[in-house]
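Okay, model_31.txt is below, compact mmCIF, C-alpha atoms and all ligand atoms:
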# COMPACT_ATOMS: atom_id res chain seq x y z
CA MET A 178 -35.13 16.69 -15.58
CA ASP A 179 -38.28 14.55 -15.85
CA ASP A 180 -38.34 11.70 -18.25
CA PRO A 181 -41.93 11.20 -19.40
CA THR A 182 -41.03 8.25 -21.60
CA GLY A 183 -39.31 6.40 -18.83
CA LEU A 184 -36.66 5.41 -21.35
CA ARG A 185 -33.77 7.37 -19.98
CA ILE A 186 -31.47 5.53 -17.69
CA ARG A 187 -28.81 6.89 -15.44
CA GLU A 188 -25.52 7.94 -16.92
CA ARG A 189 -23.63 5.04 -15.42
CA HIS A 190 -26.00 2.58 -17.05
CA ARG A 191 -26.23 4.38 -20.34
CA ILE A 192 -23.30 2.64 -21.99
CA ILE A 193 -24.39 -0.86 -21.15
CA ASP A 194 -24.19 -3.24 -24.04
CA ARG A 195 -26.83 -5.80 -23.46
CA HIS A 196 -25.37 -8.12 -26.05
CA ASN A 197 -22.26 -8.15 -23.95
CA ASN A 198 -23.67 -9.53 -20.74
CA SER A 199 -26.13 -12.13 -19.65
CA CYS A 200 -27.27 -10.43 -16.47
CA VAL A 201 -28.15 -7.06 -17.86
CA ALA A 202 -31.69 -5.74 -17.83
CA ASP A 203 -33.43 -4.44 -20.94
CA ARG A 204 -32.51 -0.90 -22.00
CA ARG A 205 -36.12 0.19 -21.88
CA THR A 206 -36.35 -0.50 -18.17
CA HIS A 207 -36.97 2.57 -16.04
CA PRO A 208 -34.07 3.20 -13.62
CA ASP A 209 -36.18 2.62 -10.51
CA ASP A 210 -37.55 -0.65 -11.86
CA TRP A 211 -34.05 -1.55 -12.96
CA ARG A 212 -32.77 -1.42 -9.40
CA LEU A 213 -35.53 -3.70 -8.21
CA MET A 214 -35.06 -6.39 -10.82
CA ALA A 215 -34.45 -9.67 -9.09
CA ASP A 216 -31.69 -10.89 -11.38
CA ASP A 217 -30.02 -7.52 -11.88
CA CYS A 218 -26.33 -7.93 -11.26
CA ILE A 219 -23.97 -5.03 -10.82
CA LEU A 220 -20.70 -6.94 -10.91
CA GLU A 221 -19.81 -10.13 -12.71
CA THR A 222 -16.57 -11.97 -13.26
CA LYS A 223 -16.22 -14.62 -15.91
CA GLY A 224 -13.52 -17.26 -15.59
CA LEU A 225 -11.25 -15.02 -13.56
CA VAL A 226 -7.74 -16.44 -13.14
CA LYS A 227 -4.66 -15.09 -11.39
CA GLU A 228 -1.39 -16.93 -11.50
CA PHE A 229 1.72 -15.93 -9.61
CA ARG A 230 4.68 -17.50 -11.39
CA GLY A 231 2.78 -20.72 -12.01
CA PHE A 232 0.88 -20.74 -8.70
CA VAL A 233 -2.85 -20.38 -9.35
CA ALA A 234 -4.24 -18.13 -6.60
CA VAL A 235 -7.60 -17.48 -8.31
CA ASN A 236 -8.81 -20.28 -10.50
CA GLY A 237 -11.71 -19.62 -12.88
CA VAL A 238 -13.95 -17.61 -10.58
CA ASP A 239 -17.45 -16.75 -11.84
CA LEU A 240 -18.86 -14.25 -9.41
CA LYS A 241 -22.22 -12.50 -9.67
CA VAL A 242 -23.03 -9.72 -7.27
CA ARG A 243 -26.63 -8.53 -7.25
CA ARG A 244 -27.43 -4.86 -7.11
CA GLY A 245 -28.41 -3.73 -3.63
CA HIS A 246 -27.08 -6.83 -1.90
CA ILE A 247 -24.52 -7.23 0.84
CA HIS A 248 -22.42 -10.00 -0.66
CA ALA A 249 -19.78 -11.71 1.48
CA LEU A 250 -16.70 -13.40 0.07
CA ILE A 251 -15.47 -15.95 2.57
CA GLY A 252 -13.02 -18.84 2.68
CA PRO A 253 -10.12 -20.24 4.65
CA ASN A 254 -6.77 -18.43 4.80
CA GLY A 255 -5.06 -18.32 1.43
CA ALA A 256 -8.30 -19.05 -0.48
CA GLY A 257 -7.74 -16.10 -2.83
CA LYS A 258 -10.16 -13.54 -1.39
CA THR A 259 -7.78 -10.58 -1.24
CA THR A 260 -6.34 -11.51 -4.63
CA CYS A 261 -9.90 -11.37 -6.02
CA PHE A 262 -10.36 -7.91 -4.54
CA ASN A 263 -7.04 -6.83 -6.01
CA LEU A 264 -8.21 -8.04 -9.42
CA LEU A 265 -11.55 -6.25 -9.11
CA THR A 266 -9.85 -2.94 -8.36
CA LYS A 267 -7.04 -3.63 -10.84
CA PHE A 268 -4.34 -3.58 -8.22
CA LEU A 269 -3.47 -6.80 -10.03
CA GLU A 270 -3.91 -7.71 -13.69
CA PRO A 271 -5.91 -10.89 -14.26
CA THR A 272 -4.05 -13.67 -16.06
CA ARG A 273 -7.31 -14.64 -17.80
CA GLY A 274 -11.01 -13.94 -17.61
CA SER A 275 -13.09 -10.79 -17.59
CA ILE A 276 -14.75 -8.41 -15.14
CA HIS A 277 -17.99 -6.57 -15.88
CA PHE A 278 -19.59 -3.67 -14.03
CA ASN A 279 -23.14 -2.72 -14.97
CA GLY A 280 -22.66 -4.88 -18.02
CA VAL A 281 -19.51 -3.10 -19.19
CA ASP A 282 -16.30 -5.08 -19.51
CA PHE A 283 -13.69 -3.16 -17.51
CA THR A 284 -11.00 -5.85 -17.42
CA ARG A 285 -8.53 -3.50 -19.10
CA ASP A 286 -9.43 -0.34 -17.16
CA THR A 287 -7.01 1.50 -14.90
CA PRO A 288 -7.69 1.65 -11.13
CA GLU A 289 -8.54 5.37 -11.48
CA ARG A 290 -11.14 4.69 -14.15
CA ILE A 291 -12.66 1.92 -12.08
CA ALA A 292 -13.05 4.27 -9.12
CA ARG A 293 -14.69 6.80 -11.45
CA ARG A 294 -17.12 4.15 -12.63
CA GLY A 295 -18.32 3.88 -9.01
CA ILE A 296 -16.36 0.97 -7.55
CA VAL A 297 -14.51 2.06 -4.44
CA ARG A 298 -12.58 -0.07 -2.03
CA SER A 299 -12.55 1.13 1.50
CA PHE A 300 -9.15 1.49 3.14
CA GLN A 301 -7.55 1.89 -0.27
CA ILE A 302 -8.41 5.20 -1.86
CA SER A 303 -9.69 6.53 1.42
CA ALA A 304 -6.36 6.86 3.17
CA VAL A 305 -6.91 8.65 6.45
CA PHE A 306 -4.43 11.29 7.55
CA PRO A 307 -3.72 10.62 11.24
CA HIS A 308 -2.70 14.15 12.23
CA LEU A 309 -5.66 15.91 10.66
CA THR A 310 -9.02 16.17 12.38
CA VAL A 311 -11.86 13.80 11.62
CA LEU A 312 -13.74 16.57 9.79
CA GLU A 313 -10.68 17.56 7.74
CA ASN A 314 -10.24 13.97 6.60
CA VAL A 315 -13.80 13.74 5.27
CA ARG A 316 -13.46 17.16 3.67
CA ILE A 317 -10.37 16.04 1.78
CA ALA A 318 -12.22 12.95 0.56
CA LEU A 319 -15.03 15.19 -0.69
CA GLN A 320 -12.53 17.44 -2.47
CA ARG A 321 -11.05 14.38 -4.09
CA ASN A 322 -14.46 13.48 -5.39
CA LEU A 323 -14.82 16.97 -6.83
CA GLY A 324 -11.45 16.62 -8.53
CA THR A 325 -9.90 19.48 -6.58
CA SER A 326 -7.77 17.45 -4.25
CA PHE A 327 -4.53 19.18 -5.13
CA HIS A 328 -5.90 22.71 -4.77
CA PHE A 329 -4.75 23.05 -1.20
CA TRP A 330 -4.03 26.74 -1.77
CA LYS A 331 -7.76 27.39 -2.10
CA SER A 332 -9.21 29.70 0.51
CA ASP A 333 -10.46 28.48 3.84
CA ARG A 334 -13.85 29.84 2.87
CA SER A 335 -14.14 27.52 -0.13
CA LEU A 336 -13.02 24.60 1.99
CA ASP A 337 -15.63 25.52 4.57
CA GLN A 338 -18.33 25.07 1.94
CA LEU A 339 -17.61 21.36 2.16
CA ASN A 340 -18.10 21.31 5.91
CA GLY A 341 -21.86 20.88 5.73
CA ARG A 342 -21.63 17.76 3.59
CA ALA A 343 -18.69 16.46 5.64
CA MET A 344 -20.75 16.81 8.83
CA GLU A 345 -23.65 14.96 7.19
CA LEU A 346 -21.32 12.08 6.36
CA LEU A 347 -19.88 12.05 9.88
CA THR A 348 -23.40 11.97 11.29
CA SER A 349 -24.25 9.03 9.04
CA VAL A 350 -21.45 6.99 10.62
CA GLY A 351 -22.10 8.23 14.18
CA LEU A 352 -18.99 10.41 14.41
CA GLU A 353 -20.55 13.87 14.57
CA ALA A 354 -19.37 14.39 18.15
CA HIS A 355 -15.79 13.54 17.12
CA ALA A 356 -15.53 16.01 14.21
CA GLY A 357 -12.87 18.18 15.86
CA MET A 358 -10.78 15.32 17.19
CA VAL A 359 -7.33 14.61 15.78
CA THR A 360 -7.78 11.28 14.00
CA VAL A 361 -4.84 9.51 15.63
CA GLU A 362 -6.46 10.00 19.03
CA MET A 363 -9.60 8.07 18.13
CA PRO A 364 -10.09 4.44 19.14
CA TYR A 365 -9.58 1.82 16.40
CA GLY A 366 -13.26 1.05 15.75
CA ARG A 367 -14.07 4.70 15.25
CA LYS A 368 -11.17 5.09 12.83
CA ARG A 369 -12.77 2.39 10.74
CA ALA A 370 -16.06 4.29 10.85
CA LEU A 371 -14.14 7.34 9.62
CA GLU A 372 -12.63 5.31 6.79
CA ILE A 373 -16.14 4.27 5.78
CA ALA A 374 -17.22 7.95 5.87
CA THR A 375 -14.31 8.93 3.60
CA THR A 376 -15.28 6.13 1.22
CA LEU A 377 -18.91 7.29 1.24
CA ALA A 378 -17.66 10.76 0.30
CA LEU A 379 -16.83 9.30 -3.11
CA ASP A 380 -20.44 8.12 -3.40
CA PRO A 381 -19.60 4.62 -4.62
CA GLU A 382 -22.20 2.50 -6.32
CA LEU A 383 -20.30 -0.62 -5.31
CA MET A 384 -18.30 -0.57 -2.08
CA LEU A 385 -15.63 -3.21 -1.46
CA LEU A 386 -14.71 -3.87 2.15
CA ASP A 387 -11.77 -6.15 2.98
CA GLU A 388 -12.22 -7.48 6.51
CA PRO A 389 -13.99 -4.39 7.90
CA THR A 390 -14.15 -5.78 11.45
CA GLN A 391 -10.63 -7.19 11.59
CA GLY A 392 -8.93 -6.67 14.95
CA MET A 393 -12.01 -5.24 16.62
CA GLY A 394 -13.52 -5.94 19.98
CA HIS A 395 -17.10 -7.14 20.36
CA GLU A 396 -18.64 -3.66 20.74
CA ASP A 397 -16.88 -2.19 17.73
CA VAL A 398 -17.78 -5.23 15.62
CA HIS A 399 -21.40 -4.66 16.42
CA ARG A 400 -21.17 -0.96 15.62
CA VAL A 401 -19.43 -1.52 12.26
CA MET A 402 -21.94 -4.25 11.38
CA GLU A 403 -24.82 -1.86 11.98
CA LEU A 404 -22.96 0.77 10.00
CA ILE A 405 -22.48 -1.51 6.99
CA LYS A 406 -26.17 -2.38 7.07
CA GLN A 407 -27.03 1.29 7.18
CA VAL A 408 -24.72 2.43 4.37
CA SER A 409 -25.86 -0.46 2.18
CA ALA A 410 -29.27 1.20 1.81
CA ASN A 411 -28.57 2.76 -1.59
CA ARG A 412 -25.63 0.78 -2.76
CA THR A 413 -24.09 -2.65 -3.18
CA ILE A 414 -21.48 -4.03 -0.83
CA LEU A 415 -18.99 -6.79 -1.48
CA MET A 416 -17.00 -7.68 1.60
CA VAL A 417 -14.34 -10.14 2.61
CA GLU A 418 -15.08 -11.10 6.18
CA HIS A 419 -13.80 -13.79 8.53
CA ASN A 420 -16.19 -13.09 11.37
CA MET A 421 -19.10 -15.47 10.83
CA LYS A 422 -21.37 -13.51 13.14
CA VAL A 423 -21.01 -10.54 10.82
CA VAL A 424 -21.46 -12.70 7.71
CA ALA A 425 -24.54 -14.44 9.11
CA GLY A 426 -25.94 -11.20 10.49
CA ILE A 427 -25.85 -8.90 7.49
CA SER A 428 -25.05 -10.65 4.22
CA ASP A 429 -27.71 -11.51 1.66
CA THR A 430 -25.45 -13.84 -0.32
CA LEU A 431 -22.15 -15.58 0.30
CA THR A 432 -19.53 -16.92 -2.05
CA VAL A 433 -17.15 -19.41 -0.52
CA LEU A 434 -13.69 -19.62 -2.05
CA ALA A 435 -11.29 -22.46 -1.39
CA ARG A 436 -7.91 -22.84 -3.08
CA GLY A 437 -8.84 -20.17 -5.59
CA SER A 438 -12.13 -21.71 -6.73
CA VAL A 439 -15.77 -21.12 -5.84
CA LEU A 440 -16.89 -23.89 -3.53
CA ALA A 441 -20.43 -22.75 -2.79
CA GLU A 442 -22.71 -19.78 -3.19
CA GLY A 443 -26.04 -18.81 -1.65
CA PRO A 444 -27.64 -17.52 1.52
CA TYR A 445 -25.84 -18.17 4.82
CA ALA A 446 -28.03 -20.99 6.12
CA GLU A 447 -27.63 -22.95 2.88
CA VAL A 448 -23.90 -22.40 2.56
CA ALA A 449 -23.13 -23.17 6.22
CA ALA A 450 -24.91 -26.52 5.89
CA ASN A 451 -22.96 -27.49 2.77
CA PRO A 452 -20.66 -30.46 3.57
CA LEU A 453 -18.00 -29.19 1.15
CA VAL A 454 -17.87 -25.89 2.99
CA ILE A 455 -17.74 -27.53 6.38
CA GLU A 456 -14.89 -29.72 5.15
CA ALA A 457 -12.99 -26.71 3.76
CA TYR A 458 -13.26 -25.02 7.13
CA MET A 459 -12.40 -28.17 9.08
CA GLY A 460 -9.99 -27.47 11.87
CA THR A 461 -10.29 -23.71 11.44
CA GLU A 462 -13.61 -22.01 11.93
CA VAL A 463 -16.04 -24.87 11.66
CA ALA A 464 -17.50 -24.25 15.11
CA GLU A 465 -18.15 -20.63 14.22
CA LEU A 466 -19.70 -21.61 10.90
CA ALA A 467 -22.14 -23.97 12.57
CA SER A 468 -23.06 -21.52 15.27
CA PRO A 469 -22.63 -17.93 14.12
CA ALA A 470 -24.56 -16.48 17.03
CA GLY A 471 -22.28 -18.26 19.46
CA HIS A 472 -25.06 -20.46 20.87
N1 LIG B 1 1.89 -11.37 -4.93
C1 LIG B 1 1.82 -12.69 -4.70
N2 LIG B 1 2.80 -13.51 -5.14
C2 LIG B 1 2.74 -14.84 -4.94
N3 LIG B 1 1.73 -15.47 -4.31
C3 LIG B 1 0.74 -14.70 -3.82
C4 LIG B 1 0.73 -13.28 -4.00
N4 LIG B 1 -0.41 -12.79 -3.43
C5 LIG B 1 -1.07 -13.85 -2.92
N5 LIG B 1 -0.38 -15.00 -3.15
C6 LIG B 1 -0.80 -16.33 -2.76
O1 LIG B 1 -2.10 -16.56 -3.28
C7 LIG B 1 -2.89 -17.28 -2.35
C8 LIG B 1 -4.14 -16.49 -2.03
O2 LIG B 1 -3.81 -15.36 -1.24
P1 LIG B 1 -4.85 -14.30 -0.74
O3 LIG B 1 -4.10 -13.26 0.00
O4 LIG B 1 -5.69 -13.87 -1.88
O5 LIG B 1 -5.74 -15.18 0.25
P2 LIG B 1 -6.91 -14.72 1.23
O6 LIG B 1 -8.08 -15.58 0.91
O7 LIG B 1 -7.09 -13.26 1.18
O8 LIG B 1 -6.32 -15.17 2.64
P3 LIG B 1 -6.49 -14.52 4.10
O9 LIG B 1 -7.79 -15.03 4.62
O10 LIG B 1 -5.33 -15.10 4.85
O11 LIG B 1 -6.42 -13.04 3.97
C9 LIG B 1 -2.01 -17.53 -1.13
O12 LIG B 1 -1.47 -18.83 -1.24
C10 LIG B 1 -0.92 -16.49 -1.26
O13 LIG B 1 0.28 -16.93 -0.69
MG MG B 2 -6.90 -11.71 2.61

Before we go any further, please render this structure as structure tokens.
Amino acid sequence: MDDPTGLRIRERHRIIDRHNNSCVADRRTHPDDWRLMADDCILETKGLVKEFRGFVAVNGVDLKVRRGHIHALIGPNGAGKTTCFNLLTKFLEPTRGSIHFNGVDFTRDTPERIARRGIVRSFQISAVFPHLTVLENVRIALQRNLGTSFHFWKSDRSLDQLNGRAMELLTSVGLEAHAGMVTVEMPYGRKRALEIATTLALDPELMLLDEPTQGMGHEDVHRVMELIKQVSANRTILMVEHNMKVVAGISDTLTVLARGSVLAEGPYAEVAANPLVIEAYMGTEVAELASPAGH
């Protein structure tokens, strides 16, 4: 329905309490303008801490992810990246601090509620069934989104109604020719593309990707990189990624974690030139950091 006053904002934004968050736009902002606001942040953590029996894995992290950005979370092994992701999706309870999505504090939400808010982590909810076809896997993800995932007794005809949308999603990740293939028979890189398609089926506003190119050969890395760029068109992506070519190639902003704390934040060129970052990577990936294109 049209909104002649321009005052209505999308359902997900409706409950935002602007007194509750510093990076929230004014309620009167039209939704389209809202998305374009330069300082509009979709996700924010304030003083996030996670301790494991006295060991501080995440130590006072203030993270701000801007709407529409591809934001990379990087750092040496053991820096706390996966722990951060686990806190964001509530796989783990934070010891202290708060997490805000579209200005709403969801620190105490359940993982299910977080997914319903529009935060979906790829390779987590989107488990792929190896012995089903590629199309069937996407169809199941769509059913899950419709809340009918356990209605397997429904007729084939009603399931077939989802085929059109499932094929659209497969086309968007370049898998349309593989729709009838049994998933287990697909090469690794294409399985990852399928996982992204099943995540997209849930239509996330914020997509979390933990090492999307891990274990891939050069060609697949390139394909997944292009894919991430493509699917980021109408959403925000936060990804943990070790491959600096990917980070340099597609991310708008980087946050560098080291020993649980934020070491640096900014665009790639700025962060890669930061002496603290270079020192943190010393003896590991410093060569890659300095020369992401492999020159
Ligand atoms: N459940 C846990 N219990 C105890 N310590 C943990 C637990 N999970 C993570 N840690 C520790 O917290 C630190 C951060 O781990 P985390 O997995 O978040 O690092 P990471 O940045 O994802 O590393 P990598 O690049 O190797 O994936 C590590 O020292 C790890 O051993
Ligand atoms: Mg990790």

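Considering only C-alpha atoms and all ligand atoms, the residues that reside within 7 Å of ligand MG 2 (chain B) can be listed as Gly255, Lys258 and Thr259 of chain A.
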
Nearby polymer residues, ligand LIG 1 (chain B), at most 10 Å, all atoms listed in the file, as a ChimeraX atom specification: /A:227-235,250-264,269,387-388,417-419,433-437

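As for CA of Arg290 in chain A and CA of Asn322 in chain A, they are spaced 12.8 Å apart.
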
What separation in Å, quoted to one decimal, exists between CA of Ser299 in chain A and CA of Val448 in chain A?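 Separation between CA of Ser299 in chain A and CA of Val448 in chain A: 26.1 Å.
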
Close residues, Leu415 in chain A itself excluded, 9 Å, only C-alpha atoms, min 2 positions apart in chain, as a list in words: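 Here the answer would be Val242, His246, Ile247, His248, Ala249, Leu250, Leu383, Met384, Leu385, Leu386, Asp387, Thr413 and Val417 of chain A.
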
Between CA of Val226 in chain A and CA of Leu440 in chain A - distance in Å to one decimal: 15.2 Å

Using all atoms listed in the file: which of A:Pro288, A:Pro364, A:Gly280, A:Gly295 has the shortest distance to Asp397 in chain A: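 Closest to Asp397 in chain A, using all atoms listed in the file: A:Pro364.
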
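If you measure from each of A:Asp337, A:Ile317, A:Met358, A:Ile276 to Val305 in chain A using all atoms listed in the file, the closest one turns out to be A:Ile317.
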
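Comparing the minimum interatomic distances between Leu319 in chain A and each of A:Val424, A:Val408, A:Ala374, A:Val297, counting all atoms listed in the file, we find that A:Ala374 sits nearest.
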
Spatial neighbours of Leu346 in chain A, 8 Å, all atoms listed in the file, chain gap at least 5 places, as a PyMOL selection string: chain A and resi 315+374+377-378

Please produce range 216-248 of chain A, completed to N, CA and C atoms, as a tab-separated table (two decimals), in the coordinates of the input.
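Below is the file that was written, selection_36.tsv:
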chain	number	residue	atom	x	y	z
A	216	ASP	N	-32.93	-10.29	-10.90
A	216	ASP	CA	-31.69	-10.89	-11.38
A	216	ASP	C	-30.72	-9.83	-11.90
A	217	ASP	N	-30.88	-8.61	-11.43
A	217	ASP	CA	-30.02	-7.52	-11.88
A	217	ASP	C	-28.67	-7.61	-11.18
A	218	CYS	N	-27.62	-7.86	-11.94
A	218	CYS	CA	-26.33	-7.93	-11.26
A	218	CYS	C	-25.44	-6.77	-11.65
A	219	ILE	N	-24.78	-6.23	-10.65
A	219	ILE	CA	-23.97	-5.03	-10.82
A	219	ILE	C	-22.54	-5.39	-11.21
A	220	LEU	N	-22.08	-6.52	-10.67
A	220	LEU	CA	-20.70	-6.94	-10.91
A	220	LEU	C	-20.69	-8.41	-11.29
A	221	GLU	N	-19.92	-8.73	-12.30
A	221	GLU	CA	-19.81	-10.13	-12.71
A	221	GLU	C	-18.38	-10.41	-13.16
A	222	THR	N	-17.86	-11.53	-12.71
A	222	THR	CA	-16.57	-11.97	-13.26
A	222	THR	C	-16.81	-13.26	-14.02
A	223	LYS	N	-16.08	-13.41	-15.10
A	223	LYS	CA	-16.22	-14.62	-15.91
A	223	LYS	C	-14.85	-15.28	-16.04
A	224	GLY	N	-14.76	-16.47	-15.47
A	224	GLY	CA	-13.52	-17.26	-15.59
A	224	GLY	C	-12.27	-16.54	-15.15
A	225	LEU	N	-12.38	-15.82	-14.03
A	225	LEU	CA	-11.25	-15.02	-13.56
A	225	LEU	C	-10.11	-15.90	-13.03
A	226	VAL	N	-8.92	-15.65	-13.54
A	226	VAL	CA	-7.74	-16.44	-13.14
A	226	VAL	C	-6.60	-15.50	-12.79
A	227	LYS	N	-5.91	-15.80	-11.69
A	227	LYS	CA	-4.66	-15.09	-11.39
A	227	LYS	C	-3.58	-16.08	-11.01
A	228	GLU	N	-2.53	-16.05	-11.80
A	228	GLU	CA	-1.39	-16.93	-11.50
A	228	GLU	C	-0.20	-16.08	-11.06
A	229	PHE	N	0.47	-16.56	-10.03
A	229	PHE	CA	1.72	-15.93	-9.61
A	229	PHE	C	2.86	-16.90	-9.94
A	230	ARG	N	3.57	-16.63	-10.96
A	230	ARG	CA	4.68	-17.50	-11.39
A	230	ARG	C	4.30	-18.99	-11.30
A	231	GLY	N	3.19	-19.32	-11.95
A	231	GLY	CA	2.78	-20.72	-12.01
A	231	GLY	C	1.83	-21.14	-10.91
A	232	PHE	N	1.81	-20.40	-9.79
A	232	PHE	CA	0.88	-20.74	-8.70
A	232	PHE	C	-0.47	-20.08	-8.97
A	233	VAL	N	-1.53	-20.92	-9.00
A	233	VAL	CA	-2.85	-20.38	-9.35
A	233	VAL	C	-3.57	-19.95	-8.07
A	234	ALA	N	-3.61	-18.66	-7.82
A	234	ALA	CA	-4.24	-18.13	-6.60
A	234	ALA	C	-5.74	-17.96	-6.77
A	235	VAL	N	-6.17	-17.61	-7.99
A	235	VAL	CA	-7.60	-17.48	-8.31
A	235	VAL	C	-7.81	-18.30	-9.57
A	236	ASN	N	-8.76	-19.24	-9.49
A	236	ASN	CA	-8.81	-20.28	-10.50
A	236	ASN	C	-10.20	-20.38	-11.16
A	237	GLY	N	-10.45	-19.54	-12.13
A	237	GLY	CA	-11.71	-19.62	-12.88
A	237	GLY	C	-12.93	-19.19	-12.09
A	238	VAL	N	-12.84	-18.06	-11.44
A	238	VAL	CA	-13.95	-17.61	-10.58
A	238	VAL	C	-15.03	-16.89	-11.39
A	239	ASP	N	-16.26	-17.41	-11.27
A	239	ASP	CA	-17.45	-16.75	-11.84
A	239	ASP	C	-18.23	-16.19	-10.66
A	240	LEU	N	-18.20	-14.90	-10.55
A	240	LEU	CA	-18.86	-14.25	-9.41
A	240	LEU	C	-19.97	-13.36	-9.95
A	241	LYS	N	-21.13	-13.42	-9.29
A	241	LYS	CA	-22.22	-12.50	-9.67
A	241	LYS	C	-22.70	-11.81	-8.42
A	242	VAL	N	-22.60	-10.50	-8.43
A	242	VAL	CA	-23.03	-9.72	-7.27
A	242	VAL	C	-24.29	-8.95	-7.65
A	243	ARG	N	-25.36	-9.20	-6.92
A	243	ARG	CA	-26.63	-8.53	-7.25
A	243	ARG	C	-26.68	-7.12	-6.71
A	244	ARG	N	-27.27	-6.25	-7.51
A	244	ARG	CA	-27.43	-4.86	-7.11
A	244	ARG	C	-28.24	-4.76	-5.81
A	245	GLY	N	-27.71	-3.96	-4.89
A	245	GLY	CA	-28.41	-3.73	-3.63
A	245	GLY	C	-28.12	-4.74	-2.54
A	246	HIS	N	-27.38	-5.80	-2.89
A	246	HIS	CA	-27.08	-6.83	-1.90
A	246	HIS	C	-25.84	-6.50	-1.07
A	247	ILE	N	-25.79	-7.12	0.11
A	247	ILE	CA	-24.52	-7.23	0.84
A	247	ILE	C	-24.03	-8.63	0.53
A	248	HIS	N	-22.94	-8.71	-0.19
A	248	HIS	CA	-22.42	-10.00	-0.66
A	248	HIS	C	-21.09	-10.28	0.05
